[in-house]
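entry_8.txt follows (compact mmCIF, C-alpha atoms):
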```txt
# COMPACT_ATOMS: atom_id res chain seq x y z
CA MET H 1 16.86 -7.84 -39.19
CA LYS H 2 19.07 -6.35 -41.87
CA ARG H 3 20.94 -3.22 -40.97
CA ILE H 4 20.90 0.06 -42.92
CA ALA H 5 23.51 2.72 -42.10
CA ILE H 6 22.41 6.18 -43.10
CA ASP H 7 24.55 9.25 -43.56
CA MET H 8 23.39 12.53 -42.04
CA ASP H 9 24.60 15.63 -43.91
CA GLU H 10 22.89 15.94 -47.30
CA VAL H 11 20.90 12.71 -46.78
CA ILE H 12 18.67 13.53 -43.79
CA SER H 13 19.90 17.09 -43.11
CA ALA H 14 20.08 19.91 -45.66
CA PHE H 15 23.75 20.72 -45.25
CA SER H 16 24.60 22.38 -48.57
CA LEU H 17 21.47 24.51 -48.54
CA LYS H 18 22.49 26.04 -45.21
CA CYS H 19 26.04 26.63 -46.47
CA LEU H 20 24.71 28.45 -49.54
CA GLN H 21 22.34 30.56 -47.43
CA LEU H 22 25.12 31.67 -45.07
CA PHE H 23 27.53 32.31 -47.93
CA ASN H 24 24.98 34.33 -49.91
CA ALA H 25 24.31 36.52 -46.88
CA ASP H 26 28.04 36.86 -46.25
CA CYS H 27 29.31 37.53 -49.76
CA GLN H 28 26.28 39.05 -51.51
CA THR H 29 25.99 36.14 -53.92
CA LYS H 30 22.80 34.45 -55.11
CA TYR H 31 23.80 30.81 -55.39
CA THR H 32 21.13 28.11 -55.36
CA LEU H 33 21.37 24.32 -55.21
CA ALA H 34 21.14 24.32 -59.02
CA ASN H 35 24.54 26.04 -59.15
CA LEU H 36 26.08 23.06 -57.34
CA HIS H 37 25.23 20.68 -60.20
CA GLY H 38 28.27 18.38 -60.49
CA LYS H 39 30.37 20.54 -58.16
CA LEU H 40 31.51 20.71 -54.57
CA LEU H 41 30.99 24.01 -52.73
CA THR H 42 34.68 24.87 -53.12
CA GLU H 43 34.49 24.23 -56.86
CA LEU H 44 31.55 26.62 -57.13
CA ASP H 45 33.38 29.42 -55.35
CA GLN H 46 36.90 29.15 -53.92
CA ARG H 47 35.97 31.40 -51.01
CA PHE H 48 34.06 28.45 -49.53
CA HIS H 49 37.45 26.99 -48.47
CA GLU H 50 37.77 29.41 -45.59
CA LYS H 51 34.13 30.28 -45.07
CA VAL H 52 32.85 26.75 -44.56
CA ASN H 53 35.27 26.11 -41.71
CA ASP H 54 33.94 29.19 -39.96
CA TYR H 55 30.33 28.12 -40.47
CA LEU H 56 30.88 24.57 -39.19
CA ALA H 57 32.77 25.72 -36.12
CA GLU H 58 29.50 27.22 -34.81
CA GLU H 59 27.30 24.85 -32.82
CA SER H 60 24.22 26.63 -34.16
CA PHE H 61 25.04 25.55 -37.71
CA PHE H 62 24.24 21.89 -37.09
CA LEU H 63 21.38 22.61 -34.71
CA ASN H 64 19.49 24.60 -37.32
CA LEU H 65 19.78 22.42 -40.42
CA ASP H 66 16.54 21.67 -42.24
CA VAL H 67 15.34 18.07 -42.42
CA MET H 68 15.49 16.51 -45.90
CA GLU H 69 12.05 16.11 -47.40
CA GLY H 70 10.41 12.78 -46.67
CA SER H 71 13.24 11.42 -44.52
CA GLN H 72 11.32 11.34 -41.24
CA GLU H 73 8.31 9.47 -42.60
CA ALA H 74 10.49 7.05 -44.58
CA LEU H 75 12.78 6.26 -41.65
CA ARG H 76 9.82 5.77 -39.34
CA ARG H 77 8.47 3.13 -41.73
CA LEU H 78 11.84 1.54 -42.53
CA SER H 79 12.70 1.25 -38.83
CA LYS H 80 9.91 -1.31 -38.44
CA GLN H 81 11.62 -3.74 -40.80
CA TYR H 82 15.29 -2.79 -40.62
CA ASP H 83 17.84 -1.87 -37.97
CA ILE H 84 18.54 1.78 -38.70
CA PHE H 85 21.90 3.30 -37.75
CA ILE H 86 22.76 6.96 -38.34
CA VAL H 87 26.42 7.22 -39.30
CA THR H 88 27.97 10.65 -39.61
CA ALA H 89 31.47 12.03 -40.06
CA ALA H 90 31.76 14.38 -37.09
CA MET H 91 35.37 14.19 -35.97
CA GLU H 92 36.72 16.93 -38.23
CA PHE H 93 34.38 19.38 -36.54
CA PRO H 94 34.21 18.48 -32.85
CA ALA H 95 31.86 21.42 -32.27
CA SER H 96 29.33 19.41 -34.26
CA LEU H 97 29.21 16.45 -31.84
CA ALA H 98 26.69 17.76 -29.30
CA PRO H 99 24.45 19.64 -31.78
CA LYS H 100 24.31 16.65 -34.13
CA TYR H 101 23.10 14.51 -31.25
CA GLN H 102 20.47 17.10 -30.26
CA TRP H 103 19.31 17.52 -33.85
CA LEU H 104 18.82 13.75 -34.22
CA LYS H 105 16.89 13.49 -30.94
CA LYS H 106 14.69 16.41 -31.99
CA HIS H 107 13.86 15.39 -35.54
CA PHE H 108 14.11 11.59 -35.29
CA PRO H 109 12.86 10.86 -31.76
CA PHE H 110 11.76 7.36 -32.77
CA LEU H 111 15.35 6.25 -33.47
CA ASN H 112 17.42 4.63 -30.72
CA GLU H 113 20.36 6.87 -29.77
CA LYS H 114 22.45 3.75 -29.26
CA HIS H 115 22.31 3.49 -33.04
CA PHE H 116 23.96 6.87 -33.62
CA VAL H 117 27.58 6.62 -34.76
CA PHE H 118 29.85 9.66 -34.89
CA CYS H 119 33.04 8.78 -36.70
CA GLY H 120 35.58 10.01 -39.22
CA ASP H 121 36.44 7.14 -41.53
CA LYS H 122 33.28 5.20 -42.46
CA SER H 123 35.21 2.07 -43.43
CA ILE H 124 34.79 1.15 -39.73
CA ILE H 125 31.04 0.58 -40.30
CA CYS H 126 29.63 -2.95 -40.32
CA ALA H 127 26.16 -2.94 -41.93
CA ASP H 128 24.29 -4.52 -44.83
CA TYR H 129 23.64 -1.20 -46.60
CA LEU H 130 25.07 2.31 -46.50
CA ILE H 131 23.11 5.23 -47.95
CA ASP H 132 25.50 8.16 -48.46
CA ASP H 133 25.89 11.11 -50.83
CA THR H 134 29.71 10.87 -50.86
CA PRO H 135 31.08 8.23 -53.25
CA LYS H 136 34.37 7.86 -51.35
CA ASN H 137 32.44 6.65 -48.28
CA LEU H 138 30.83 3.97 -50.42
CA ASP H 139 34.16 2.97 -52.00
CA THR H 140 35.49 1.46 -48.74
CA PHE H 141 32.17 0.07 -47.45
CA LYS H 142 31.96 -3.73 -47.36
CA GLY H 143 28.17 -4.02 -47.68
CA GLU H 144 25.95 -2.65 -50.46
CA GLY H 145 26.57 1.04 -51.06
CA LEU H 146 23.71 3.22 -52.29
CA LEU H 147 24.33 6.73 -53.56
CA PHE H 148 21.84 9.32 -52.32
CA SER H 149 21.52 12.01 -54.96
CA ALA H 150 22.97 15.41 -54.18
CA PRO H 151 23.83 18.17 -56.64
CA HIS H 152 27.57 17.50 -56.29
CA ASN H 153 27.34 13.77 -57.18
CA VAL H 154 25.09 13.89 -60.29
CA ASN H 155 27.89 12.67 -62.56
CA ASN H 156 28.79 9.57 -60.52
CA ASN H 157 27.61 6.30 -62.06
CA ALA H 158 29.44 3.80 -59.88
CA TYR H 159 26.56 3.01 -57.50
CA VAL H 160 22.84 2.34 -57.43
CA ARG H 161 21.37 5.82 -57.14
CA LEU H 162 18.42 6.77 -54.94
CA ASN H 163 17.15 10.22 -55.87
CA ASN H 164 15.01 10.98 -52.85
CA TRP H 165 13.39 9.37 -49.81
CA LYS H 166 10.47 8.06 -51.84
CA GLU H 167 12.93 6.04 -53.89
CA VAL H 168 14.67 4.81 -50.73
CA GLU H 169 11.35 3.47 -49.48
CA GLN H 170 10.59 1.83 -52.82
CA TYR H 171 13.99 0.18 -52.81
CA PHE H 172 13.62 -1.37 -49.37
CA LEU H 173 9.90 -1.90 -48.78
CA MET U 1 47.36 -3.12 -42.23
CA LYS U 2 45.20 -4.97 -39.73
CA ARG U 3 42.81 -2.89 -37.67
CA ILE U 4 42.53 -2.87 -33.88
CA ALA U 5 39.48 -1.21 -32.29
CA ILE U 6 40.13 -0.12 -28.72
CA ASP U 7 37.59 0.71 -26.06
CA MET U 8 38.12 3.85 -23.99
CA ASP U 9 36.63 3.64 -20.47
CA GLU U 10 38.55 1.19 -18.27
CA VAL U 11 40.94 0.31 -21.13
CA ILE U 12 42.76 3.56 -21.82
CA SER U 13 40.95 5.78 -19.25
CA ALA U 14 40.57 5.02 -15.54
CA PHE U 15 36.81 5.23 -15.40
CA SER U 16 36.00 3.12 -12.31
CA LEU U 17 38.76 4.69 -10.24
CA LYS U 18 37.25 8.14 -10.78
CA CYS U 19 33.77 6.84 -9.92
CA LEU U 20 35.06 5.37 -6.66
CA GLN U 21 36.92 8.58 -5.77
CA LEU U 22 33.82 10.73 -6.31
CA PHE U 23 31.58 8.27 -4.47
CA ASN U 24 33.97 8.00 -1.51
CA ALA U 25 34.04 11.78 -1.17
CA ASP U 26 30.27 11.92 -1.54
CA CYS U 27 29.21 9.10 0.78
CA GLN U 28 32.12 8.87 3.22
CA THR U 29 33.05 5.37 2.04
CA LYS U 30 36.56 3.99 1.49
CA TYR U 31 36.13 1.75 -1.52
CA THR U 32 39.17 0.82 -3.61
CA LEU U 33 39.46 -1.03 -6.92
CA ALA U 34 40.03 -4.23 -4.91
CA ASN U 35 36.44 -3.98 -3.67
CA LEU U 36 35.21 -4.19 -7.27
CA HIS U 37 36.64 -7.69 -7.72
CA GLY U 38 34.01 -9.57 -9.76
CA LYS U 39 31.42 -6.82 -9.33
CA LEU U 40 29.97 -3.86 -11.16
CA LEU U 41 29.83 -0.54 -9.30
CA THR U 42 26.11 -0.99 -8.65
CA GLU U 43 26.72 -4.46 -7.23
CA LEU U 44 29.29 -3.03 -4.82
CA ASP U 45 26.90 -0.37 -3.54
CA GLN U 46 23.35 0.18 -4.79
CA ARG U 47 23.67 3.93 -4.34
CA PHE U 48 25.86 3.97 -7.46
CA HIS U 49 22.64 3.60 -9.53
CA GLU U 50 21.73 7.24 -9.03
CA LYS U 51 25.14 8.67 -8.24
CA VAL U 52 26.87 7.50 -11.41
CA ASN U 53 24.35 9.22 -13.63
CA ASP U 54 25.06 12.49 -11.82
CA TYR U 55 28.82 12.05 -12.16
CA LEU U 56 28.70 11.24 -15.89
CA ALA U 57 26.42 14.16 -16.68
CA GLU U 58 29.28 16.52 -15.81
CA GLU U 59 31.64 17.34 -18.68
CA SER U 60 34.50 17.56 -16.21
CA PHE U 61 34.17 13.87 -15.33
CA PHE U 62 35.44 12.66 -18.70
CA LEU U 63 37.96 15.49 -19.09
CA ASN U 64 39.74 14.57 -15.87
CA LEU U 65 40.03 10.80 -16.13
CA ASP U 66 43.50 9.35 -15.53
CA VAL U 67 45.25 7.56 -18.39
CA MET U 68 45.62 3.78 -17.91
CA GLU U 69 49.21 2.84 -17.19
CA GLY U 70 51.26 2.00 -20.26
CA SER U 71 48.49 2.70 -22.77
CA GLN U 72 50.13 5.73 -24.38
CA GLU U 73 53.49 4.08 -25.01
CA ALA U 74 51.86 0.85 -26.20
CA LEU U 75 49.47 2.58 -28.61
CA ARG U 76 52.25 4.74 -29.99
CA ARG U 77 54.20 1.58 -30.86
CA LEU U 78 51.19 -0.42 -32.06
CA SER U 79 50.07 2.44 -34.31
CA LYS U 80 53.17 1.91 -36.49
CA GLN U 81 52.07 -1.61 -37.45
CA TYR U 82 48.28 -1.52 -37.03
CA ASP U 83 45.41 0.81 -37.84
CA ILE U 84 44.24 1.93 -34.41
CA PHE U 85 40.60 3.00 -33.92
CA ILE U 86 39.26 4.23 -30.58
CA VAL U 87 35.70 3.02 -30.17
CA THR U 88 33.67 4.25 -27.24
CA ALA U 89 30.06 4.05 -26.13
CA ALA U 90 29.17 7.72 -25.71
CA MET U 91 25.55 8.04 -26.76
CA GLU U 92 23.98 7.31 -23.36
CA PHE U 93 25.80 10.34 -21.97
CA PRO U 94 25.78 13.02 -24.65
CA ALA U 95 27.60 15.37 -22.27
CA SER U 96 30.57 13.04 -22.72
CA LEU U 97 30.93 13.62 -26.47
CA ALA U 98 33.00 16.82 -26.48
CA PRO U 99 35.14 16.00 -23.39
CA LYS U 100 35.92 12.50 -24.68
CA TYR U 101 37.18 14.05 -27.91
CA GLN U 102 39.29 16.60 -26.02
CA TRP U 103 40.68 13.94 -23.69
CA LEU U 104 41.77 11.79 -26.64
CA LYS U 105 43.43 14.72 -28.42
CA LYS U 106 45.26 15.66 -25.20
CA HIS U 107 46.51 12.24 -24.14
CA PHE U 108 46.82 10.47 -27.52
CA PRO U 109 47.86 13.30 -29.88
CA PHE U 110 49.57 10.83 -32.22
CA LEU U 111 46.25 9.13 -33.11
CA ASN U 112 44.22 10.32 -36.09
CA GLU U 113 40.91 11.81 -34.94
CA LYS U 114 39.27 10.35 -38.04
CA HIS U 115 39.79 7.02 -36.26
CA PHE U 116 37.70 8.01 -33.22
CA VAL U 117 34.27 6.37 -33.15
CA PHE U 118 31.58 7.47 -30.69
CA CYS U 119 28.72 5.00 -30.76
CA GLY U 120 26.25 3.11 -28.61
CA ASP U 121 26.03 -0.43 -29.92
CA LYS U 122 29.50 -1.73 -30.80
CA SER U 123 28.17 -4.43 -33.12
CA ILE U 124 28.42 -1.68 -35.79
CA ILE U 125 32.25 -1.90 -35.66
CA CYS U 126 34.15 -3.51 -38.52
CA ALA U 127 37.70 -4.35 -37.39
CA ASP U 128 40.04 -7.32 -37.06
CA TYR U 129 40.32 -7.03 -33.26
CA LEU U 130 38.38 -5.37 -30.46
CA ILE U 131 39.99 -4.82 -27.05
CA ASP U 132 37.25 -4.14 -24.51
CA ASP U 133 36.62 -4.70 -20.80
CA THR U 134 32.90 -5.42 -21.31
CA PRO U 135 32.14 -8.99 -22.42
CA LYS U 136 28.80 -8.07 -24.01
CA ASN U 137 30.62 -5.80 -26.47
CA LEU U 138 32.79 -8.73 -27.49
CA ASP U 139 29.78 -11.07 -27.79
CA THR U 140 28.45 -9.28 -30.88
CA PHE U 141 31.80 -8.39 -32.45
CA LYS U 142 32.57 -10.21 -35.70
CA GLY U 143 36.37 -10.07 -35.46
CA GLU U 144 38.59 -11.40 -32.67
CA GLY U 145 37.47 -10.12 -29.28
CA LEU U 146 40.07 -9.62 -26.55
CA LEU U 147 39.03 -9.00 -22.95
CA PHE U 148 41.01 -6.27 -21.20
CA SER U 149 41.14 -7.10 -17.50
CA ALA U 150 39.14 -4.92 -15.15
CA PRO U 151 38.09 -5.73 -11.59
CA HIS U 152 34.47 -6.34 -12.65
CA ASN U 153 35.34 -8.95 -15.33
CA VAL U 154 37.80 -11.18 -13.41
CA ASN U 155 35.42 -14.15 -13.49
CA ASN U 156 34.83 -14.14 -17.26
CA ASN U 157 36.62 -16.93 -19.12
CA ALA U 158 35.00 -16.61 -22.54
CA TYR U 159 37.74 -14.57 -24.24
CA VAL U 160 41.50 -14.30 -24.52
CA ARG U 161 42.38 -12.06 -21.59
CA LEU U 162 44.97 -9.27 -21.68
CA ASN U 163 45.80 -8.12 -18.15
CA ASN U 164 47.55 -4.85 -18.92
CA TRP U 165 49.12 -2.85 -21.75
CA LYS U 166 52.37 -4.79 -21.57
CA GLU U 167 50.41 -7.93 -22.40
CA VAL U 168 48.61 -6.13 -25.24
CA GLU U 169 51.99 -5.25 -26.76
CA GLN U 170 53.27 -8.81 -26.34
CA TYR U 171 50.15 -10.15 -28.03
CA PHE U 172 50.46 -7.96 -31.12
CA LEU U 173 54.16 -7.17 -31.55
```

Hey, can you dump this file as structure tokens for me?
Amino acid sequence: MKRIAIDMDEVISAFSLKCLQLFNADCQTKYTLANLHGKLLTELDQRFHEKVNDYLAEESFFLNLDVMEGSQEALRRLSKQYDIFIVTAAMEFPASLAPKYQWLKKHFPFLNEKHFVFCGDKSIICADYLIDDTPKNLDTFKGEGLLFSAPHNVNNNAYVRLNNWKEVEQYFL
Amino acid sequence: MKRIAIDMDEVISAFSLKCLQLFNADCQTKYTLANLHGKLLTELDQRFHEKVNDYLAEESFFLNLDVMEGSQEALRRLSKQYDIFIVTAAMEFPASLAPKYQWLKKHFPFLNEKHFVFCGDKSIICADYLIDDTPKNLDTFKGEGLLFSAPHNVNNNAYVRLNNWKEVEQYFL
């Protein structure tokens, strides 16, 4: 069985949306995902530099992220034909370790927890495919890197792009 | 730089020793590491089946493990010539995630936390070497597997064996 490694934040969990919601409430702004087109959060508003660290230090942040549309159904189907590993950068925010695990068990109960990988540098991952929204994670990956569309990466053309979970399914099934 | 992945329990942390200490206090036994020669804990005494799960569910268990003799000095030296990754199976005991991170930061402050990997199935690891006390982790590893001696694995002859941290240094430096 071929192995697909799948990133968490912004691929199966709606990370940026939650950041924008907290920031809007905090700073009386009205940012939407459309404002992130081609930009990182800190490029949209410099105040994100300090704010985001505060948000991510709270366990509740990761527990309460929304699930990306279509990801549950797609992964349920893909897991019948591929070995699915969830691979997430968690070491910069150790408070995220336990809630990330709980979130995965809650929203993806059909996945084997032995296939969860919490790491920092994704070049350690050995898999046939990596689906990730961050180009630098794909740059050092030795298998086939697939870029999952997110507002911040719209201008990257270096990888095969999958715009949503329907396209992921079409690519693999 | 070549990359060495290093297991945690029984390689840099004295996992079995702590299990024996807790069990001895619990069940009025007097087991020592010598009793584990060629055996797993559950082969030494069947009551470990239920007891170990209780021990590992406590955050304090992983926080208070002793450091394996010579591992700090050896890793400090090795880290100048090799990329060191710490790779530990943590997903079966999610209560271990945060304390394992804290333990590593306390006892190995010179290692980069982006090189910590908490996983379940170590076949996901891409490295040149893996030092592990569990033969089944080496069986699926694609690089060079090195067996770190532990009482339970004394009868395994399938891998190059490193008996202690002095021998690890001699092998690599």

Residues of chain H within 12 Å of chain U, all atoms listed in the file counted, as JSON, numbers by chain: {"H": [3, 4, 5, 59, 83, 84, 85, 86, 87, 88, 89, 90, 91, 92, 93, 94, 95, 96, 97, 98, 99, 100, 101, 102, 104, 105, 112, 113, 114, 115, 116, 117, 118, 119, 120, 121, 122, 123, 124, 125, 126, 127, 128, 129, 130, 140, 141, 142, 143]}

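The space separating CA of Asn155 in chain H from CA of Glu10 in chain H comes to 16.4 Å.
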
Tell me, as a tab-separated table (two decimals) with C-alpha atoms, in the coordinates of the input, which residues lie within 7 Å of range 65-67 of chain H, counting all atoms listed in the file; anything in the same chain fewer than 2 positions away does not count.
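The resulting result04.tsv:
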```
chain	number	residue	atom	x	y	z
H	12	ILE	CA	18.67	13.53	-43.79
H	13	SER	CA	19.90	17.09	-43.11
H	14	ALA	CA	20.08	19.91	-45.66
H	15	PHE	CA	23.75	20.72	-45.25
H	18	LYS	CA	22.49	26.04	-45.21
H	61	PHE	CA	25.04	25.55	-37.71
H	62	PHE	CA	24.24	21.89	-37.09
H	63	LEU	CA	21.38	22.61	-34.71
H	69	GLU	CA	12.05	16.11	-47.40
```

Point-to-point distance from CA of His37 in chain H to CA of Asn153 in chain H, Å rounded to tenths: 7.8 Å

For CA of Val160 in chain H and CA of Lys39 in chain H, the interatomic separation in Å (one decimal): 19.7 Å

Please write out, as AutoDock Vina command-line options, where the centre of an axis-aligned box around all listed atoms of range 50-63 of chain H lies and how long its edges are, in Å to one decimal, after adding 3 Å on each side.
```
--center_x 29.6 --center_y 26.1 --center_z -39.2 --size_x 22.4 --size_y 14.4 --size_z 18.8
```
